[in-house]
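S.K.: This is work02.pdb (PDB, C-alpha atoms).
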ATOM      1  CA  SER V1319     109.679 121.567 102.453
ATOM      2  CA  GLY V1320     111.989 118.820 101.197
ATOM      3  CA  PHE V1321     109.090 116.378 100.974
ATOM      4  CA  VAL V1322     106.976 118.955  99.117
ATOM      5  CA  GLN V1323     109.806 119.706  96.693
ATOM      6  CA  PHE V1324     110.387 116.001  96.109
ATOM      7  CA  GLY V1325     106.650 115.547  95.501
ATOM      8  CA  ILE V1326     106.677 118.299  92.882
ATOM      9  CA  ILE V1327     109.705 116.792  91.155
ATOM     10  CA  ALA V1328     108.165 113.301  91.231
ATOM     11  CA  ALA V1329     104.940 114.689  89.720
ATOM     12  CA  VAL V1330     106.856 116.413  86.919
ATOM     13  CA  TYR V1331     108.827 113.237  86.211
ATOM     14  CA  ARG V1332     105.629 111.209  86.131
ATOM     15  CA  TYR V1333     103.879 113.744  83.876
ATOM     16  CA  ASP V1334     106.789 113.609  81.411
ATOM     17  CA  GLY V1335     107.097 109.817  81.679
ATOM     18  CA  VAL V1336     110.668 109.984  82.966
ATOM     19  CA  THR V1337     111.946 107.189  85.192
ATOM     20  CA  PHE V1338     114.739 107.579  87.715
ATOM     21  CA  SER V1339     116.839 104.931  85.978
ATOM     22  CA  GLU V1340     116.694 106.938  82.719
ATOM     23  CA  ILE V1341     118.386 109.898  84.369
ATOM     24  CA  GLY V1342     121.242 108.001  86.008
ATOM     25  CA  LEU V1343     119.753 106.549  89.183
ATOM     26  CA  SER V1344     120.028 102.861  88.372
ATOM     27  CA  ARG V1345     121.343 100.431  90.950
ATOM     28  CA  ARG V1346     124.447  99.631  88.862
ATOM     29  CA  LEU V1347     125.624 103.275  89.100
ATOM     30  CA  LEU V1348     125.471 103.500  92.901
ATOM     31  CA  ARG V1349     128.727 101.698  93.743
ATOM     32  CA  PRO V1350     130.891 103.525  91.149
ATOM     33  CA  ALA V1351     129.534 106.872  92.373
ATOM     34  CA  ALA V1352     130.178 106.074  96.034
ATOM     35  CA  THR V1353     133.673 104.790  95.227
ATOM     36  CA  ALA V1354     134.494 107.901  93.186
ATOM     37  CA  VAL V1355     133.276 110.264  95.923
ATOM     38  CA  VAL V1356     135.255 108.457  98.633
ATOM     39  CA  GLY V1357     138.317 108.610  96.371
ATOM     40  CA  ILE V1358     137.804 112.330  95.735
ATOM     41  CA  ILE V1359     137.391 113.039  99.464
ATOM     42  CA  ILE V1360     140.580 111.132 100.288
ATOM     43  CA  ALA V1361     142.519 112.807  97.469
ATOM     44  CA  VAL V1362     141.390 116.323  98.429
ATOM     45  CA  ASN V1363     142.262 115.731 102.077
ATOM     46  CA  VAL V1364     145.704 114.357 101.187
ATOM     47  CA  VAL V1365     146.388 117.391  98.986
ATOM     48  CA  VAL V1366     145.197 119.872 101.643
ATOM     49  CA  VAL V1367     147.218 118.208 104.422
ATOM     50  CA  GLY V1368     150.240 118.085 102.116
ATOM     51  CA  MET V1369     149.907 121.770 101.277
ATOM     52  CA  ALA V1370     149.506 122.652 104.950
ATOM     53  CA  LEU V1371     152.607 120.658 105.874
ATOM     54  CA  LEU V1372     154.631 122.224 103.053
ATOM     55  CA  ALA V1373     153.575 125.670 104.274
ATOM     56  CA  GLY V1374     154.828 124.757 107.754
ATOM     57  CA  ASN V1375     151.413 124.752 109.394
ATOM     58  CA  GLU V1376     150.651 122.602 112.399
ATOM     59  CA  ILE V1377     148.114 119.837 111.740
ATOM     60  CA  THR V1378     145.578 119.039 114.455
ATOM     61  CA  PHE V1379     142.543 116.819 114.339
ATOM     62  CA  GLY V1380     139.181 117.237 116.010
ATOM     63  CA  VAL V1381     135.588 116.305 115.322
ATOM     64  CA  TYR V1382     134.048 119.363 113.670
ATOM     65  CA  ALA V1383     136.461 121.592 115.609
ATOM     66  CA  PHE V1384     136.122 124.359 113.006
ATOM     67  CA  TYR V1385     132.357 124.518 113.445
ATOM     68  CA  GLN V1386     132.531 124.434 117.231
ATOM     69  CA  SER V1387     134.843 127.432 117.524
ATOM     70  CA  GLU V1388     134.311 131.129 116.876
ATOM     71  CA  PRO V1389     132.683 132.504 114.807
ATOM     72  CA  PHE V1390     130.352 129.500 114.432
ATOM     73  CA  ASN V1391     130.149 127.637 117.764
ATOM     74  CA  PHE V1392     127.518 125.097 116.636
ATOM     75  CA  SER V1393     126.502 122.142 118.782
ATOM     76  CA  MET V1394     127.029 118.577 117.534
ATOM     77  CA  THR V1395     123.233 118.252 117.214
ATOM     78  CA  THR V1396     123.047 121.332 114.982
ATOM     79  CA  ILE V1397     125.918 120.075 112.833
ATOM     80  CA  ALA V1398     124.341 116.595 112.514
ATOM     81  CA  ALA V1399     120.912 118.045 111.658
ATOM     82  CA  GLY V1400     122.434 120.323 109.037
ATOM     83  CA  ALA V1401     124.406 117.479 107.478
ATOM     84  CA  PHE V1402     121.348 115.218 107.451
ATOM     85  CA  THR V1403     119.221 117.898 105.783
ATOM     86  CA  ALA V1404     121.892 118.655 103.181
ATOM     87  CA  TYR V1405     122.588 115.032 102.248
ATOM     88  CA  VAL V1406     119.028 113.699 102.409
ATOM     89  CA  PHE V1407     117.005 116.619 101.075
ATOM     90  CA  THR V1408     118.937 119.524  99.578
ATOM     91  CA  GLY V1409     121.497 117.727  97.387
ATOM     92  CA  PRO V1410     119.229 115.007  96.016
ATOM     93  CA  ILE V1411     116.312 117.353  95.342
ATOM     94  CA  GLU V1412     118.455 119.974  93.620
ATOM     95  CA  GLU V1413     120.191 117.391  91.461
ATOM     96  CA  LEU V1414     116.927 115.634  90.546
ATOM     97  CA  ALA V1415     115.444 118.979  89.524
ATOM     98  CA  PHE V1416     118.369 120.666  87.814
ATOM     99  CA  ARG V1417     120.671 117.992  86.430
ATOM    100  CA  GLY V1418     118.282 115.049  86.183
ATOM    101  CA  TYR V1419     115.340 116.952  84.767
ATOM    102  CA  LEU V1420     116.044 120.489  83.545
ATOM    103  CA  GLN V1421     119.445 119.847  81.960
ATOM    104  CA  ASN V1422     118.169 116.746  80.140
ATOM    105  CA  LYS V1423     114.941 118.504  79.128
ATOM    106  CA  LEU V1424     116.802 121.457  77.617
ATOM    107  CA  ILE V1425     119.150 119.156  75.702
ATOM    108  CA  SER V1426     116.163 117.341  74.213
ATOM    109  CA  LEU V1427     114.294 120.573  73.400
ATOM    110  CA  PHE V1428     117.166 122.311  71.647
ATOM    111  CA  GLN V1429     117.321 121.381  67.975
ATOM    112  CA  PHE V1430     120.298 123.475  66.915
ATOM    113  CA  SER V1431     123.911 122.618  66.221
ATOM    114  CA  SER V1432     125.739 119.564  67.510
ATOM    115  CA  PRO V1433     124.948 117.507  70.622
ATOM    116  CA  ARG V1434     127.999 119.023  72.350
ATOM    117  CA  VAL V1435     126.796 122.585  71.789
ATOM    118  CA  ARG V1436     123.284 121.673  72.960
ATOM    119  CA  THR V1437     124.721 120.018  76.055
ATOM    120  CA  ALA V1438     127.025 122.965  76.846
ATOM    121  CA  THR V1439     124.198 125.451  76.338
ATOM    122  CA  SER V1440     121.918 123.382  78.567
ATOM    123  CA  ILE V1441     124.566 123.170  81.296
ATOM    124  CA  VAL V1442     125.044 126.947  81.274
ATOM    125  CA  MET V1443     121.297 127.697  81.231
ATOM    126  CA  THR V1444     120.601 125.183  84.001
ATOM    127  CA  SER V1445     123.438 126.600  86.099
ATOM    128  CA  VAL V1446     122.264 130.187  85.689
ATOM    129  CA  THR V1447     118.709 129.117  86.608
ATOM    130  CA  PHE V1448     120.042 127.210  89.626
ATOM    131  CA  SER V1449     121.952 130.297  90.724
ATOM    132  CA  ALA V1450     119.020 132.671  90.161
ATOM    133  CA  LEU V1451     116.662 130.527  92.225
ATOM    134  CA  HIS V1452     118.951 131.093  95.215
ATOM    135  CA  ILE V1453     118.450 134.889  95.119
ATOM    136  CA  PRO V1454     115.375 134.992  97.413
ATOM    137  CA  VAL V1455     116.958 132.653  99.975
ATOM    138  CA  SER V1456     120.238 134.558  99.884
ATOM    139  CA  LEU V1457     118.570 137.941 100.364
ATOM    140  CA  LEU V1458     115.625 137.122 102.610
ATOM    141  CA  VAL V1459     116.716 134.114 104.685
ATOM    142  CA  LYS V1460     120.496 134.303 104.842
ATOM    143  CA  GLY V1461     120.615 138.102 104.829
ATOM    144  CA  VAL V1462     123.350 138.317 102.206
ATOM    145  CA  PRO V1463     123.872 142.002 101.390
ATOM    146  CA  VAL V1464     123.010 142.945  97.807
ATOM    147  CA  SER V1465     126.645 144.059  97.381
ATOM    148  CA  GLN V1466     127.804 140.471  98.024
ATOM    149  CA  LEU V1467     125.064 138.760  96.036
ATOM    150  CA  ALA V1468     126.887 138.803  92.692
ATOM    151  CA  GLY V1469     129.818 136.813  94.074
ATOM    152  CA  THR V1470     127.474 134.284  95.657
ATOM    153  CA  LEU V1471     125.562 133.868  92.394
ATOM    154  CA  VAL V1472     128.751 133.421  90.373
ATOM    155  CA  LEU V1473     129.972 130.709  92.760
ATOM    156  CA  LEU V1474     126.587 128.953  92.581
ATOM    157  CA  ALA V1475     126.584 129.127  88.775
ATOM    158  CA  LEU V1476     130.148 127.802  88.574
ATOM    159  CA  SER V1477     129.350 124.916  90.925
ATOM    160  CA  GLY V1478     126.241 124.201  88.832
ATOM    161  CA  MET V1479     128.392 124.125  85.686
ATOM    162  CA  MET V1480     130.839 121.771  87.360
ATOM    163  CA  PHE V1481     128.060 119.410  88.489
ATOM    164  CA  GLY V1482     126.354 119.694  85.090
ATOM    165  CA  THR V1483     129.569 118.800  83.286
ATOM    166  CA  ILE V1484     130.251 115.850  85.590
ATOM    167  CA  TYR V1485     126.703 114.621  85.031
ATOM    168  CA  ALA V1486     126.907 115.105  81.252
ATOM    169  CA  LEU V1487     130.144 113.132  81.102
ATOM    170  CA  THR V1488     129.087 110.276  83.402
ATOM    171  CA  GLN V1489     125.271 110.171  83.188
ATOM    172  CA  ASN V1490     125.463 109.177  86.863
ATOM    173  CA  LEU V1491     123.144 111.318  88.978
ATOM    174  CA  TYR V1492     124.274 109.576  92.177
ATOM    175  CA  LEU V1493     127.732 111.023  91.625
ATOM    176  CA  VAL V1494     126.601 114.657  91.600
ATOM    177  CA  ILE V1495     124.129 114.025  94.432
ATOM    178  CA  PHE V1496     126.918 112.640  96.641
ATOM    179  CA  LEU V1497     129.314 115.413  95.652
TER     180      LEU V1497
END
Re-express the file's structure as structure tokens.
M.R.:
Amino acid sequence: SGFVQFGIIAAVYRYDGVTFSEIGLSRRLLRPAATAVVGIIIAVNVVVVGMALLAGNEITFGVYAFYQSEPFNFSMTTIAAGAFTAYVFTGPIEELAFRGYLQNKLISLFQFSSPRVRTATSIVMTSVTFSALHIPVSLLVKGVPVSQLAGTLVLLALSGMMFGTIYALTQNLYLVIFL
């Protein structure tokens, strides 16, 4: 399905005459994005370990130990396949569709107010759309109870707003894809 989704996105881009470099996928943006993501990962891990140590928790290390214990108990193959799918298909396709295309398209279509208001409105609308498109998967595939769906949708919308804001500020699609 990832190839089909990418094909649809590529067709839409081609129809609208949009190139990948116009939306923040130029070669010059790759290194800064990778550097920023590595820095963020290191910083978050340092903060979490520091908080755990301050709370008096014991720190242990293990390769995917959390995912190989109850309640998950995944094999290394399952974990690797899931990571590959997420980083090669899910993240890039979602960011190409929502941040790279829809957010930019809405900004260009809106003719009201200032550029900041148009951008903020586009980020919110794109994030709500992103969240809403997860409803069928959440209900039908993941089996999320309807009573828990609202919380899931809010978290998806908030993450979409965060990614949309990062993209609006940096115009670097690699950055939000890697994040």
S.K.: Which value, in Å to one decimal, gives the distance between atom CA of V:Leu1414 and atom CA of V:Arg1332?
M.R.: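 Spanning atom CA of V:Leu1414 to atom CA of V:Arg1332 is a straight-line distance of 12.9 Å.
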S.K.: Assuming the chain letters and numbering stay as they are in my file, what does the PyMOL selection byres ((chain V and resi 1425) around 10) actually select? List them as an mmCIF file with C-alpha atoms, in the frame of the given file.
M.R.:
data_model
loop_
_atom_site.group_PDB
_atom_site.id
_atom_site.type_symbol
_atom_site.label_atom_id
_atom_site.label_comp_id
_atom_site.auth_asym_id
_atom_site.auth_seq_id
_atom_site.Cartn_x
_atom_site.Cartn_y
_atom_site.Cartn_z
ATOM 1 C CA LEU V 1420 116.044 120.489 83.545
ATOM 2 C CA GLN V 1421 119.445 119.847 81.960
ATOM 3 C CA ASN V 1422 118.169 116.746 80.140
ATOM 4 C CA LYS V 1423 114.941 118.504 79.128
ATOM 5 C CA LEU V 1424 116.802 121.457 77.617
ATOM 6 C CA SER V 1426 116.163 117.341 74.213
ATOM 7 C CA LEU V 1427 114.294 120.573 73.400
ATOM 8 C CA PHE V 1428 117.166 122.311 71.647
ATOM 9 C CA GLN V 1429 117.321 121.381 67.975
ATOM 10 C CA PHE V 1430 120.298 123.475 66.915
ATOM 11 C CA PRO V 1433 124.948 117.507 70.622
ATOM 12 C CA ARG V 1434 127.999 119.023 72.350
ATOM 13 C CA VAL V 1435 126.796 122.585 71.789
ATOM 14 C CA ARG V 1436 123.284 121.673 72.960
ATOM 15 C CA THR V 1437 124.721 120.018 76.055
ATOM 16 C CA ALA V 1438 127.025 122.965 76.846
ATOM 17 C CA THR V 1439 124.198 125.451 76.338
ATOM 18 C CA SER V 1440 121.918 123.382 78.567
ATOM 19 C CA ILE V 1441 124.566 123.170 81.296
#
S.K.: Do you have the atom CA of V:Thr1447-atom CA of V:Leu1476 distance handy?
M.R.: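 Taking atom CA of V:Thr1447 as the start and atom CA of V:Leu1476 as the end point, the length is 11.7 Å.
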S.K.: Which distance in Å separates atom CA of V:Leu1471 and atom CA of V:Thr1483, to one decimal?
M.R.: 18.1 Å
S.K.: If we draw a sphere of 12 Å around (119.2, 129.1, 91.9), which residues have at least one atom in it when counting all atoms listed in the file? Please report them as an MDAnalysis selection string.
M.R.: chainID V and resid 1412:1413 1415:1416 1443:1456 1470:1478
S.K.: Padding 5 Å on each side, edges along x, y and z: where is the centre of the box around the listed atoms of stretch 1447-1464 of chain V, and how long are its edges in Å to one decimal? Output it as JSON.
M.R.:
{"center_x": 119.6, "center_y": 135.1, "center_z": 95.7, "size_x": 18.5, "size_y": 25.7, "size_z": 28.2}
